[in-house]
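Asker: Okay, here's the structure, questions in a sec.
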Amino acid sequence: MQDFAPLVVGIDVGGTKTHLRALAGDTPVADHVRTSSGWRPHDPVAATAWLAALVADALPTGARPSAVAVGGHACETPRQCAQIRTALQLHFDAPALVVGDAELLVPAAGLDKGVGLVAGTGSVAVGRRPDGTPVQVGGWGAVLGDEGGAAGLVREAARAVWAAHDRGEEPDQLAQALVASLGVSEVPALGAALERATDVSAEWGRHAPAVFTAAEAGSPLARAVTAEAGRSLAALVARLAARGVHVDDVVVAGGTVLSQPALYDAFTASLAETVPTARARPLRVPPVEGAVALARTLL
């Protein structure tokens, strides 16, 4: 490592795992992945201490960052992110930037404007108005929102199955798949099984493969749930467009939407109808690349 090369640190704090990448010039210094356990973005002091400990663990002894950029899961408002940024700058005595983790997608794709859309366990879309004002839509959690994310899919699938049960229909492939995945004996027991969850997003979300399996097996209910999830993701982009965000490029990330062609195809088909100028671009590099790119802009 050259002594004069500035050391930039990018951090992607996701809902499940955190990825730190550090470079001195173009020379890799650290590439560190750990769980996001203990991340508390609603407490700026705790969040800063957590990030500082992460950097200390990942970097060589004595190395000091020249710039730090963080994309933080559940860092939901500009004020909240700014409080963590101010504390980070004081700690490292270096420029810092803190944004929501979905804001890493556009710079990770090598773009300077556009929409970042995530559909993993949950779903959210972010962008910026021409004056730089950040805008976020979605991301309201599995109980009230997150349509198109894994947990939201399971919630809507259960609702569809219950409605079919109330109509007196025999359980189809979706009902059978959910009953088996949740380990219950019959459709009416699905509610109690879902309500037992302590971490709703994670515990509901892990049953999403049952929805796609049922769709592949021919379930009209599962296919309808998947199609509606795709429309919901496209609606997030339409809401951003209506609020003045540049939406021609939509950078898409998240294990649910990128690993399930039926959902991705439903999303892009609906996007073509609702926002014809928008182009979906699956992200093919780790989002932490966006944090590194943002850190470089601080030098």
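By convention in this document, the chains of the structure tokens carry letters A, B, ... by their order, each chain's residues are numbered from 1, and ligands are numbered from 1 in the order they are shown.
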As a ChimeraX atom specification, please: all residues of region 44-229 of chain A that backbone DSSP puts in strand (DSSP E or B).
Answerer: /A:67-72,96-100,115-119,123-128,134-138
Asker: Please list as a ChimeraX atom specification every residue within 12 Å of Ala108 (chain A), counting only C-alpha atoms and excluding residues in the same chain fewer than 5 positions away.
Answerer: /A:10,12,71,101-103,113-116,251-253,281-295
Asker: Residues near Gly205 (chain A), anyone? I mean within 9 Å using only C-alpha atoms, not counting same-chain ones fewer than 6 positions away, as number ranges by chain.
Answerer: A: 120-122, 142, 149-155
Asker: Please, which residues of region 31-208 of chain A, numbered as in this document, come out alpha helix (DSSP H) from DSSP, as a ChimeraX atom specification?
Answerer: /A:44-58,78-92,105-108,150-166,173-182,190-195,200-205,208
Asker: For a quick check of understanding, using only C-alpha atoms, which of A:Ala175, A:Val211, A:Ala119, A:Val184 has the smallest distance to Leu233 (chain A)?
Answerer: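 Closest residue, counting only C-alpha atoms: A:Ala119.
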Asker: Considering only C-alpha atoms, return as a PyMOL selection string whatever protein or nucleic-acid residues lie within 12 Å of Ala280 (chain A), sequence-local ones (same chain, fewer than 2 positions apart) excluded.
Answerer: chain A and resi 106+109+114-118+233-234+237+247-253+257-258+264-265+267-272+275-278+282-283
Asker: Could you name the residues that touch Val55 (chain A) at 8 Å or less, counting only C-alpha atoms, but leaving out those on the same chain fewer than 4 positions away, as a VMD selection string?
Answerer: chain A and resid 20 51 59
Asker: Could those selected residues go to a file with C-alpha atoms, as a PDB file, in the first residue's frame?
Answerer:
```pdb
ATOM      1  CA  LEU A  20     -17.132  -3.384   4.461  1.00  0.00           C
ATOM      2  CA  LEU A  51     -19.564   1.333  12.865  1.00  0.00           C
ATOM      3  CA  LEU A  59      -8.676  -2.394   8.921  1.00  0.00           C
TER       4      LEU A  59
END
```
Asker: Take CA of Gly244 (chain A) and CA of Glu228 (chain A) and report the distance between them in Å, one decimal.
Answerer: 24.8 Å
